[in-house]
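Colleague: This one is entry.csv, CSV, C-alpha atoms.
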```
chain,number,residue,atom,x,y,z
A,1,MET,CA,-67.3,22.1,43.8
A,2,GLN,CA,-66.2,22.4,47.4
A,3,LEU,CA,-62.9,24.1,48.1
A,4,ASP,CA,-63.4,24.3,51.8
A,5,SER,CA,-59.8,23.3,52.8
A,6,VAL,CA,-58.2,25.7,50.3
A,7,ARG,CA,-56.8,29.0,51.6
A,8,ILE,CA,-56.0,31.8,49.1
A,9,LEU,CA,-54.0,34.9,50.0
A,10,ASP,CA,-55.5,37.5,47.6
A,11,LEU,CA,-53.3,40.6,47.0
A,12,SER,CA,-55.6,42.0,44.2
A,13,ARG,CA,-58.1,44.8,44.3
A,14,LEU,CA,-60.8,46.6,42.1
A,15,LEU,CA,-62.4,44.1,39.6
A,16,PRO,CA,-60.4,41.4,37.9
A,17,GLY,CA,-58.6,39.8,40.8
A,18,PRO,CA,-61.5,40.1,43.3
A,19,TYR,CA,-63.9,38.6,40.7
A,20,ALA,CA,-61.6,35.6,40.3
A,21,THR,CA,-61.4,35.0,44.0
A,22,GLN,CA,-65.1,35.6,44.5
A,23,LEU,CA,-65.7,32.7,42.2
A,24,LEU,CA,-63.4,30.6,44.4
A,25,ALA,CA,-65.0,31.9,47.6
A,26,ASP,CA,-68.4,31.0,46.2
A,27,ALA,CA,-67.0,27.5,45.8
A,28,GLY,CA,-66.0,27.4,49.4
A,29,ALA,CA,-62.4,28.6,49.5
A,30,ASP,CA,-61.1,30.6,52.4
A,31,VAL,CA,-60.1,33.8,50.6
A,32,VAL,CA,-58.0,36.3,52.6
A,33,LYS,CA,-57.8,39.8,51.2
A,34,VAL,CA,-54.3,41.1,51.9
A,35,GLU,CA,-54.8,44.9,51.9
A,36,ASP,CA,-52.4,47.7,52.6
A,37,THR,CA,-52.7,49.6,55.8
A,38,ASP,CA,-53.7,52.9,54.2
A,39,THR,CA,-56.9,52.8,52.1
A,40,GLY,CA,-57.1,49.1,51.2
A,41,ASP,CA,-59.0,48.0,48.1
A,42,TYR,CA,-60.0,51.2,46.2
A,43,ALA,CA,-63.3,49.6,45.3
A,44,ARG,CA,-64.4,50.0,49.0
A,45,HIS,CA,-64.9,53.7,48.4
A,46,THR,CA,-66.0,53.8,44.7
A,47,PRO,CA,-69.6,54.9,44.1
A,48,PRO,CA,-72.3,53.8,43.8
A,49,MET,CA,-72.5,52.7,47.4
A,50,THR,CA,-74.7,50.0,48.8
A,51,GLU,CA,-76.8,50.0,51.9
A,52,ARG,CA,-73.7,48.6,53.7
A,53,ASP,CA,-71.8,51.8,52.9
A,54,VAL,CA,-69.3,50.2,50.6
A,55,GLY,CA,-68.9,50.5,46.9
A,56,ALA,CA,-71.3,48.3,44.9
A,57,LEU,CA,-68.4,46.7,43.0
A,58,PHE,CA,-66.7,45.8,46.3
A,59,ASP,CA,-69.9,44.5,47.7
A,60,SER,CA,-70.4,42.3,44.7
A,61,VAL,CA,-67.0,40.6,44.5
A,62,ASN,CA,-65.8,40.4,48.0
A,63,ARG,CA,-68.4,38.4,49.9
A,64,GLY,CA,-67.4,35.7,52.3
A,65,LYS,CA,-63.8,36.8,52.4
A,66,ARG,CA,-61.6,37.8,55.3
A,67,SER,CA,-59.4,40.9,55.4
A,68,ILE,CA,-55.9,41.5,56.9
A,69,ALA,CA,-54.2,44.8,56.5
A,70,LEU,CA,-50.4,44.5,56.2
A,71,ASP,CA,-47.6,47.0,55.2
A,72,LEU,CA,-45.7,44.8,52.9
A,73,LYS,CA,-43.0,47.5,52.5
A,74,SER,CA,-42.0,46.9,56.1
A,75,GLY,CA,-39.9,44.0,57.3
A,76,ALA,CA,-42.4,43.1,60.0
A,77,GLY,CA,-45.3,43.2,57.6
A,78,ARG,CA,-43.5,40.9,55.2
A,79,THR,CA,-42.6,38.5,58.0
A,80,ALA,CA,-46.2,38.3,59.0
A,81,PHE,CA,-47.1,37.6,55.3
A,82,TYR,CA,-44.5,34.9,55.1
A,83,ARG,CA,-46.0,33.1,58.1
A,84,LEU,CA,-49.4,33.3,56.4
A,85,VAL,CA,-47.9,31.8,53.2
A,86,GLU,CA,-46.6,28.8,55.1
A,87,GLU,CA,-50.2,27.9,55.9
A,88,ALA,CA,-51.7,28.9,52.5
A,89,ASP,CA,-52.4,27.0,49.3
A,90,VAL,CA,-52.5,29.9,46.8
A,91,VAL,CA,-51.0,33.4,46.5
A,92,PHE,CA,-52.7,35.6,43.9
A,93,GLU,CA,-51.3,39.0,42.9
A,94,GLN,CA,-52.3,41.6,40.4
A,95,PHE,CA,-49.3,44.0,40.5
A,96,ARG,CA,-47.4,45.2,37.5
A,97,PRO,CA,-44.5,43.0,36.6
A,98,GLY,CA,-41.6,43.6,38.9
A,99,VAL,CA,-43.5,44.9,41.9
A,100,ALA,CA,-43.8,41.5,43.6
A,101,GLU,CA,-40.1,41.1,43.3
A,102,ARG,CA,-39.4,44.5,44.8
A,103,LEU,CA,-41.7,43.7,47.7
A,104,GLU,CA,-40.0,40.3,48.1
A,105,ILE,CA,-43.2,38.4,47.7
A,106,ASP,CA,-42.6,36.9,44.3
A,107,TYR,CA,-43.0,33.2,43.5
A,108,GLU,CA,-39.3,32.3,44.0
A,109,THR,CA,-39.1,34.0,47.4
A,110,LEU,CA,-42.4,32.5,48.7
A,111,THR,CA,-41.5,29.0,47.7
A,112,GLU,CA,-38.8,29.1,50.3
A,113,TYR,CA,-41.6,29.2,52.8
A,114,ASN,CA,-44.0,26.9,51.0
A,115,GLU,CA,-42.6,24.7,48.2
A,116,ASP,CA,-46.1,23.5,47.2
A,117,LEU,CA,-47.5,26.9,46.7
A,118,VAL,CA,-49.7,27.7,43.7
A,119,TYR,CA,-48.9,31.3,42.7
A,120,CYS,CA,-50.9,33.2,40.1
A,121,SER,CA,-50.1,36.6,38.6
A,122,LEU,CA,-52.8,38.5,36.7
A,123,SER,CA,-51.8,41.6,34.7
A,124,GLY,CA,-52.8,43.4,31.6
A,125,TYR,CA,-50.1,42.1,29.3
A,126,GLY,CA,-48.3,39.3,31.2
A,127,GLN,CA,-44.9,39.1,32.7
A,128,THR,CA,-43.0,39.1,29.4
A,129,GLY,CA,-43.0,41.1,26.2
A,130,PRO,CA,-42.5,44.8,25.2
A,131,ASP,CA,-45.8,45.9,26.8
A,132,ALA,CA,-45.4,43.9,30.1
A,133,GLU,CA,-45.1,47.1,32.2
A,134,ARG,CA,-47.9,49.0,30.7
A,135,ALA,CA,-50.9,49.8,32.9
A,136,GLY,CA,-53.7,47.3,32.2
A,137,HIS,CA,-56.4,50.0,32.0
A,138,ASP,CA,-55.3,50.9,28.4
A,139,LEU,CA,-56.1,47.3,27.3
A,140,ASN,CA,-58.4,48.7,24.5
A,141,TYR,CA,-55.4,49.5,22.3
A,142,ILE,CA,-54.5,45.8,21.6
A,143,GLY,CA,-56.6,42.7,21.2
A,144,VAL,CA,-59.8,44.1,22.7
A,145,ALA,CA,-60.1,46.8,20.1
A,146,GLY,CA,-59.7,44.3,17.3
A,147,LEU,CA,-62.2,41.9,18.7
A,148,LEU,CA,-64.9,44.5,19.4
A,149,ASP,CA,-64.3,46.1,16.0
A,150,MET,CA,-65.9,42.9,14.5
A,151,THR,CA,-69.4,44.0,15.5
A,152,ARG,CA,-71.6,45.7,13.0
A,153,GLU,CA,-70.8,49.4,12.4
A,154,ASN,CA,-74.0,50.7,14.0
A,155,GLU,CA,-73.9,52.8,17.1
A,156,SER,CA,-77.2,51.4,18.4
A,157,MET,CA,-75.7,47.9,18.2
A,158,ALA,CA,-72.3,48.8,19.8
A,159,PRO,CA,-71.2,46.6,22.7
A,160,GLN,CA,-72.4,47.8,26.1
A,161,ILE,CA,-69.3,46.6,27.9
A,162,PRO,CA,-66.1,48.6,27.4
A,163,GLY,CA,-63.2,46.6,26.2
A,164,TYR,CA,-61.2,46.9,29.4
A,165,GLN,CA,-64.1,45.3,31.3
A,166,ILE,CA,-64.1,42.3,29.0
A,167,GLY,CA,-60.4,42.0,29.7
A,168,ASP,CA,-61.0,42.4,33.4
A,169,LEU,CA,-63.7,39.8,33.7
A,170,GLY,CA,-62.2,37.4,31.2
A,171,GLY,CA,-58.8,37.7,33.0
A,172,GLY,CA,-60.4,37.0,36.3
A,173,LEU,CA,-62.3,34.0,35.0
A,174,PHE,CA,-59.2,32.5,33.5
A,175,ALA,CA,-57.2,33.3,36.6
A,176,ALA,CA,-59.8,31.3,38.7
A,177,PHE,CA,-59.6,28.5,36.2
A,178,SER,CA,-55.8,28.5,36.3
A,179,ILE,CA,-55.7,28.5,40.1
A,180,VAL,CA,-58.1,25.5,40.3
A,181,GLY,CA,-56.0,23.8,37.6
A,182,GLY,CA,-52.8,24.4,39.6
A,183,LEU,CA,-54.4,23.0,42.7
A,184,LEU,CA,-55.5,19.9,40.8
A,185,SER,CA,-52.0,19.5,39.3
A,186,ARG,CA,-50.6,19.6,42.8
A,187,GLU,CA,-53.0,17.0,44.0
A,188,LEU,CA,-51.9,14.8,41.1
A,189,GLY,CA,-48.4,14.9,42.4
A,190,ASN,CA,-46.8,17.6,40.3
A,191,GLY,CA,-46.0,20.0,43.1
A,192,GLY,CA,-46.6,23.8,43.2
A,193,GLU,CA,-46.8,26.0,40.2
A,194,TYR,CA,-46.4,29.5,38.9
A,195,VAL,CA,-49.2,30.8,36.6
A,196,ASP,CA,-48.9,34.0,34.5
A,197,VAL,CA,-52.3,35.2,33.2
A,198,ALA,CA,-52.4,38.2,30.8
A,199,MET,CA,-55.8,39.8,30.1
A,200,THR,CA,-54.6,40.6,26.6
A,201,ASP,CA,-54.0,36.9,26.0
A,202,VAL,CA,-57.5,36.0,27.3
A,203,VAL,CA,-59.2,38.5,25.0
A,204,ALA,CA,-57.2,37.2,22.1
A,205,SER,CA,-58.4,33.8,23.0
A,206,PHE,CA,-62.0,35.0,22.8
A,207,SER,CA,-61.5,35.8,19.1
A,208,GLN,CA,-61.5,32.2,17.9
A,209,ALA,CA,-64.4,32.9,15.5
A,210,ILE,CA,-62.3,35.3,13.4
A,211,SER,CA,-58.7,34.3,14.3
A,212,PHE,CA,-58.3,31.8,11.4
A,213,GLU,CA,-58.8,34.4,8.7
A,214,ALA,CA,-56.4,36.8,10.5
A,215,LEU,CA,-53.8,34.1,11.0
A,216,THR,CA,-53.9,33.0,7.3
A,217,GLY,CA,-53.4,36.3,5.6
A,218,ASP,CA,-56.9,38.0,5.7
A,219,ASP,CA,-58.0,40.9,7.8
A,220,PRO,CA,-61.7,40.3,8.4
A,221,ARG,CA,-63.8,43.5,8.9
A,222,PRO,CA,-67.3,44.1,10.3
A,223,GLY,CA,-69.9,42.7,8.0
A,224,GLU,CA,-67.5,40.3,6.3
A,225,THR,CA,-67.8,37.1,8.3
A,226,ALA,CA,-70.6,34.8,9.1
A,227,LEU,CA,-70.8,35.9,12.8
A,228,THR,CA,-70.2,39.6,12.3
A,229,GLY,CA,-73.0,40.7,10.0
A,230,LYS,CA,-72.2,39.3,6.6
A,231,PHE,CA,-75.4,37.3,6.5
A,232,PRO,CA,-78.8,38.9,7.1
A,233,TRP,CA,-80.0,35.7,8.8
A,234,TYR,CA,-77.5,36.3,11.6
A,235,ASP,CA,-77.8,39.9,12.7
A,236,VAL,CA,-79.4,42.4,14.9
A,237,TYR,CA,-82.5,44.4,13.8
A,238,GLU,CA,-84.3,47.4,15.1
A,239,THR,CA,-88.0,47.1,15.8
A,240,ALA,CA,-90.8,49.7,16.1
A,241,GLY,CA,-90.2,51.8,19.2
A,242,GLY,CA,-86.4,51.7,19.0
A,243,ARG,CA,-85.8,48.3,20.6
A,244,TYR,CA,-83.8,45.5,19.0
A,245,VAL,CA,-84.0,41.7,18.4
A,246,THR,CA,-81.4,39.2,17.3
A,247,LEU,CA,-81.9,36.8,14.4
A,248,ALA,CA,-79.6,33.8,14.6
A,249,ALA,CA,-80.9,31.4,11.8
A,250,LEU,CA,-77.5,30.1,10.7
A,251,GLU,CA,-78.9,26.6,10.1
A,252,PRO,CA,-81.3,26.2,7.2
A,253,LYS,CA,-84.0,24.6,9.4
A,254,PHE,CA,-84.2,27.7,11.6
A,255,TRP,CA,-84.3,30.0,8.5
A,256,THR,CA,-87.1,27.9,7.2
A,257,ALA,CA,-89.0,28.1,10.4
A,258,PHE,CA,-88.5,31.9,10.6
A,259,CYS,CA,-89.6,32.5,7.0
A,260,GLU,CA,-92.7,30.4,7.3
A,261,GLU,CA,-93.8,32.0,10.6
A,262,VAL,CA,-93.4,35.6,9.3
A,263,GLY,CA,-94.9,34.7,5.9
A,264,ARG,CA,-91.8,35.3,3.8
A,265,GLU,CA,-91.5,32.0,2.1
A,266,GLU,CA,-90.1,33.7,-1.0
A,267,LEU,CA,-86.8,34.3,1.0
A,268,LEU,CA,-86.3,30.6,1.7
A,269,ASP,CA,-83.9,30.0,-1.2
A,270,ALA,CA,-81.7,33.0,-0.4
A,271,HIS,CA,-80.2,31.2,2.6
A,272,GLY,CA,-76.5,30.5,2.0
A,273,THR,CA,-76.2,32.9,-0.9
A,274,ASP,CA,-72.9,34.9,-1.3
A,275,ASP,CA,-74.4,37.2,-3.9
A,276,PRO,CA,-74.0,40.8,-2.6
A,277,ALA,CA,-77.1,42.1,-4.3
A,278,GLU,CA,-79.2,39.2,-3.0
A,279,LEU,CA,-77.8,39.6,0.5
A,280,ALA,CA,-78.6,43.3,0.5
A,281,ALA,CA,-82.1,42.7,-0.8
A,282,VAL,CA,-82.8,40.2,2.0
A,283,ARG,CA,-81.4,42.5,4.7
A,284,GLU,CA,-83.5,45.4,3.4
A,285,GLU,CA,-86.6,43.1,3.5
A,286,LEU,CA,-85.8,42.0,7.1
A,287,GLU,CA,-85.1,45.6,8.2
A,288,ALA,CA,-88.5,46.7,7.0
A,289,LEU,CA,-90.2,43.6,8.4
A,290,PHE,CA,-88.8,43.9,11.9
A,291,ALA,CA,-89.4,47.7,12.0
A,292,SER,CA,-93.2,47.1,11.4
A,293,ARG,CA,-93.8,45.8,15.0
A,294,SER,CA,-92.4,46.2,18.5
A,295,ARG,CA,-89.8,44.0,20.0
A,296,ASP,CA,-92.3,42.5,22.5
A,297,ALA,CA,-94.9,41.9,19.8
A,298,TRP,CA,-92.4,39.9,17.7
A,299,LEU,CA,-91.3,37.8,20.7
A,300,GLU,CA,-94.9,37.1,21.7
A,301,ASP,CA,-95.8,35.7,18.3
A,302,LEU,CA,-92.6,33.9,17.2
A,303,SER,CA,-91.6,30.4,18.4
A,304,ASP,CA,-88.2,29.4,19.7
A,305,GLU,CA,-87.6,27.6,16.4
A,306,THR,CA,-87.2,31.0,14.6
A,307,MET,CA,-84.1,31.9,16.6
A,308,VAL,CA,-85.3,35.4,17.3
A,309,GLY,CA,-84.4,36.8,20.7
A,310,PRO,CA,-84.6,40.1,22.6
A,311,VAL,CA,-81.7,42.6,23.0
A,312,CYS,CA,-82.3,43.3,26.7
A,313,THR,CA,-81.2,46.3,28.9
A,314,PRO,CA,-79.2,45.5,32.0
A,315,ALA,CA,-82.3,45.9,34.2
A,316,GLU,CA,-84.3,43.6,32.0
A,317,THR,CA,-81.5,41.0,32.0
A,318,VAL,CA,-81.3,40.7,35.8
A,319,GLU,CA,-85.1,40.3,36.0
A,320,HIS,CA,-85.2,37.8,33.2
A,321,PRO,CA,-87.3,34.6,34.0
A,322,GLN,CA,-84.5,32.4,32.8
A,323,LEU,CA,-81.9,33.8,35.2
A,324,GLU,CA,-84.5,33.8,38.0
A,325,ALA,CA,-85.3,30.1,37.3
A,326,ARG,CA,-81.6,29.3,37.4
A,327,GLU,CA,-81.3,31.2,40.7
A,328,LEU,CA,-78.3,33.1,39.3
A,329,ILE,CA,-79.6,36.3,40.7
A,330,GLU,CA,-79.1,36.1,44.5
A,331,ARG,CA,-81.4,38.2,46.7
A,332,PRO,CA,-80.4,37.4,50.3
A,333,ASP,CA,-82.3,38.9,53.1
A,334,ASP,CA,-79.2,40.3,54.8
A,335,ALA,CA,-77.3,41.6,51.9
A,336,PRO,CA,-77.7,43.6,48.6
A,337,PRO,CA,-78.6,41.5,45.5
A,338,ARG,CA,-75.9,40.3,43.2
A,339,VAL,CA,-75.1,38.0,40.3
A,340,GLY,CA,-74.0,34.7,41.8
A,341,PHE,CA,-71.8,31.8,40.9
A,342,PRO,CA,-72.5,30.9,37.2
A,343,ALA,CA,-72.5,27.1,37.5
A,344,MET,CA,-74.7,24.5,39.1
A,345,GLY,CA,-73.2,21.5,40.8
A,346,THR,CA,-74.4,18.5,42.8
A,347,ASN,CA,-71.6,19.1,45.3
A,348,ALA,CA,-71.9,22.8,45.8
A,349,PRO,CA,-71.7,24.5,49.2
A,350,GLU,CA,-75.0,24.5,50.9
A,351,SER,CA,-74.7,28.1,52.0
A,352,ARG,CA,-72.6,31.1,51.4
A,353,ASP,CA,-71.4,33.9,53.6
A,354,GLU,CA,-72.8,37.1,52.2
A,355,SER,CA,-70.9,39.5,54.5
A,356,VAL,CA,-68.1,41.7,53.2
A,357,PRO,CA,-65.1,42.3,55.4
A,358,GLU,CA,-64.2,45.6,56.9
A,359,HIS,CA,-60.7,46.8,56.1
A,360,GLY,CA,-58.4,44.7,58.3
A,361,GLU,CA,-61.3,43.2,60.1
A,362,HIS,CA,-59.6,39.8,60.5
A,363,THR,CA,-56.0,41.0,61.1
A,364,ASP,CA,-55.9,39.8,64.7
A,365,GLU,CA,-57.7,36.5,63.9
A,366,LEU,CA,-55.3,35.6,61.1
A,367,LEU,CA,-52.1,36.7,62.9
A,368,ALA,CA,-53.2,34.6,65.9
A,369,SER,CA,-53.7,31.6,63.6
A,370,VAL,CA,-50.1,31.7,62.6
A,371,GLY,CA,-48.7,32.0,66.1
A,372,TYR,CA,-48.6,35.7,67.0
A,373,ASP,CA,-49.7,36.3,70.6
A,374,GLU,CA,-51.6,39.4,71.8
A,375,SER,CA,-48.5,41.3,72.8
A,376,GLU,CA,-46.8,40.6,69.4
A,377,ARG,CA,-49.9,41.7,67.6
A,378,ASP,CA,-50.1,44.9,69.6
A,379,ALA,CA,-46.4,45.6,68.8
A,380,LEU,CA,-47.0,45.1,65.1
A,381,ARG,CA,-50.0,47.5,65.2
A,382,GLU,CA,-48.0,50.1,67.0
A,383,SER,CA,-45.2,49.9,64.5
A,384,GLY,CA,-47.7,50.4,61.6
A,385,ALA,CA,-46.8,47.1,60.1
A,386,VAL,CA,-50.5,46.0,60.4
A,387,ARG,CA,-53.8,47.6,60.9
```
Produce structure tokens that represent the structure in this file.
Modeller:
Amino acid sequence: MQLDSVRILDLSRLLPGPYATQLLADAGADVVKVEDTDTGDYARHTPPMTERDVGALFDSVNRGKRSIALDLKSGAGRTAFYRLVEEADVVFEQFRPGVAERLEIDYETLTEYNEDLVYCSLSGYGQTGPDAERAGHDLNYIGVAGLLDMTRENESMAPQIPGYQIGDLGGGLFAAFSIVGGLLSRELGNGGEYVDVAMTDVVASFSQAISFEALTGDDPRPGETALTGKFPWYDVYETAGGRYVTLAALEPKFWTAFCEEVGREELLDAHGTDDPAELAAVREELEALFASRSRDAWLEDLSDETMVGPVCTPAETVEHPQLEARELIERPDDAPPRVGFPAMGTNAPESRDESVPEHGEHTDELLASVGYDESERDALRESGAVR
């Protein structure tokens, strides 16, 4: 994936939008952060801070990008933006519905300057519907809450990622996917495109494992479906020392391997039963079994065929040999470590720019690229239209 010739004007900030465009920047796209002339992206100043004196979140999802600071509420600032749009492939915004129209940077307006533009809007609830103008940070109240509620009702096993972050990251991922899809569609001769991505829709899409029951009259609850704890052979168990392991022996062959390796052959025939008493008895047996030894002791002795794995802390996860072998964790000499691009390709960029832009660092460079001479740039800066 090499998007070297693609220029993206990114109006987003904080997490979902910058995560989307970081994926595209890692694939080689020229991502231009269009920030306001006041504070810019809030994530710049949000603790914890890295050694580069920017927020860790900002440092993680804004590498290799350029920054221009424009006052889009001013006529001169909008005019400068329009000139950038003429040379761009993508405009990506994360405002609440209606804001882009008020700023006169909406899709209909911008296609007057670039008819082949791919324009993507990312928001909590999308551009239509009764909740369209709600702030996306309350995303837990719909979709996400229902999805996360399908985990087992055990505080120790509760999800470690808040629902709004699942919406943020999932929304960013689908936005990146949609932008690449829009670019491909344009290359196939279909012209530009407007794409509306709602984080709520994305999270609802994540619920495929339980959606059929909900769509056909049932209301599945924790412990009632195959993937949410109904069956003891697909669940999470506490070990000695308070750590956890997962058991995912859905298929009979894996259950057989597990029972044989732990010396519980008498449980073999229970696999597949729907009898509540038998299920409870098997779960009680497994709870006692796993509690008899530490997590690491179990993992050391059991083979991969048993489908037993560790529940890792975040620190353990980023040090895991599997992720290290995949080179997913990037530890550059000149930048803080981060989680990198989550796909391998034979046509990937050979190197990546690990720098993060200062607020408005590339304003002059980008304005010059669309025809503003030095005196015009100085005038824009004096007027406050740019920084």
Colleague: Taking 2 positions as the minimum chain separation for residues in the same chain, which residues sit within 9 Å of A:Ala240 when counting all atoms listed in the file? Answer as a PyMOL selection string.
Modeller: chain A and resi 238+242-244+290-295
Colleague: Would you mind exporting C-alpha atoms of the selected residues as a PDB file, keeping the file's coordinate frame?
Modeller:
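Resulting contents of selection05.pdb:
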```pdb
ATOM      1  CA  GLU A 238     -84.300  47.400  15.100  1.00  0.00           C
ATOM      2  CA  GLY A 242     -86.400  51.700  19.000  1.00  0.00           C
ATOM      3  CA  ARG A 243     -85.800  48.300  20.600  1.00  0.00           C
ATOM      4  CA  TYR A 244     -83.800  45.500  19.000  1.00  0.00           C
ATOM      5  CA  PHE A 290     -88.800  43.900  11.900  1.00  0.00           C
ATOM      6  CA  ALA A 291     -89.400  47.700  12.000  1.00  0.00           C
ATOM      7  CA  SER A 292     -93.200  47.100  11.400  1.00  0.00           C
ATOM      8  CA  ARG A 293     -93.800  45.800  15.000  1.00  0.00           C
ATOM      9  CA  SER A 294     -92.400  46.200  18.500  1.00  0.00           C
ATOM     10  CA  ARG A 295     -89.800  44.000  20.000  1.00  0.00           C
TER      11      ARG A 295
END
```
Colleague: At what distance in Å, to one decimal, does atom CA of A:Phe177 lie from atom CA of A:Leu14?
Modeller: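 Between atom CA of A:Leu14 and atom CA of A:Phe177 the gap works out to 19.1 Å.
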Colleague: Which residues are near A:Phe174? Cut-off 9 Å, only C-alpha atoms, ignore same chain within fewer than 6 positions. Put them as a PyMOL selection string.
Modeller: chain A and resi 20+197+199+202
Colleague: Report the distance between atom CA of A:Tyr113 and atom CA of A:Ala80 in Å, rounded to one decimal place.
Modeller: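 One can read the atom CA of A:Tyr113 to atom CA of A:Ala80 distance as 11.9 Å.
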Colleague: Hey, could you make a per-residue contact list for stretch 204-313 of chain A against stretch 317-328 of chain A with 10 Å as the cut-off, showing the nearest pair of atoms and its distance in Å to one decimal, counting all atoms listed in the file, sorted by chain and number, as JSON lines?
Modeller:
```
{"residue": "A:Pro310", "atom": "CA", "partner": "A:Thr317", "partner_atom": "CA", "distance": 9.9}
{"residue": "A:Val311", "atom": "CA", "partner": "A:Thr317", "partner_atom": "CA", "distance": 9.1}
{"residue": "A:Cys312", "atom": "CA", "partner": "A:Thr317", "partner_atom": "CA", "distance": 5.8}
{"residue": "A:Thr313", "atom": "CA", "partner": "A:Thr317", "partner_atom": "CA", "distance": 6.1}
```
Colleague: Can you tell me, as a CSV table (one decimal) with C-alpha atoms, keeping the file's coordinate frame, what residues are no more than 9 Å from stretch 254-270 of chain A when counting only C-alpha atoms, ignoring any on the same chain fewer than 3 positions away?
Modeller:
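Written out: out_35.csv:
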```csv
chain,number,residue,atom,x,y,z
A,233,TRP,CA,-80.0,35.7,8.8
A,248,ALA,CA,-79.6,33.8,14.6
A,249,ALA,CA,-80.9,31.4,11.8
A,250,LEU,CA,-77.5,30.1,10.7
A,251,GLU,CA,-78.9,26.6,10.1
A,273,THR,CA,-76.2,32.9,-0.9
A,278,GLU,CA,-79.2,39.2,-3.0
A,279,LEU,CA,-77.8,39.6,0.5
A,282,VAL,CA,-82.8,40.2,2.0
A,289,LEU,CA,-90.2,43.6,8.4
A,301,ASP,CA,-95.8,35.7,18.3
A,302,LEU,CA,-92.6,33.9,17.2
A,303,SER,CA,-91.6,30.4,18.4
A,305,GLU,CA,-87.6,27.6,16.4
A,306,THR,CA,-87.2,31.0,14.6
A,307,MET,CA,-84.1,31.9,16.6
A,308,VAL,CA,-85.3,35.4,17.3
```
Colleague: Could you check which residues have any atom within 12 Å of (-79.0, 38.0, 47.2), counting all atoms listed in the file with coordinates taken straight from the file, and then list them as a ChimeraX atom specification?
Modeller: /A:59-60,63,318,324,327-341,351-355
Colleague: Report the distance between atom CA of A:Val34 and atom CA of A:Ile68 in Å, rounded to one decimal place.
Modeller: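 Distance reported for this atom pair: 5.3 Å.
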Colleague: If I put a ball of radius 12 Å at (-49.4, 20.8, 41.8) in the file's coordinates, which residues poke into it when counting all atoms listed in the file, written as a PyMOL selection string?
Modeller: chain A and resi 89-90+115-119+178-195
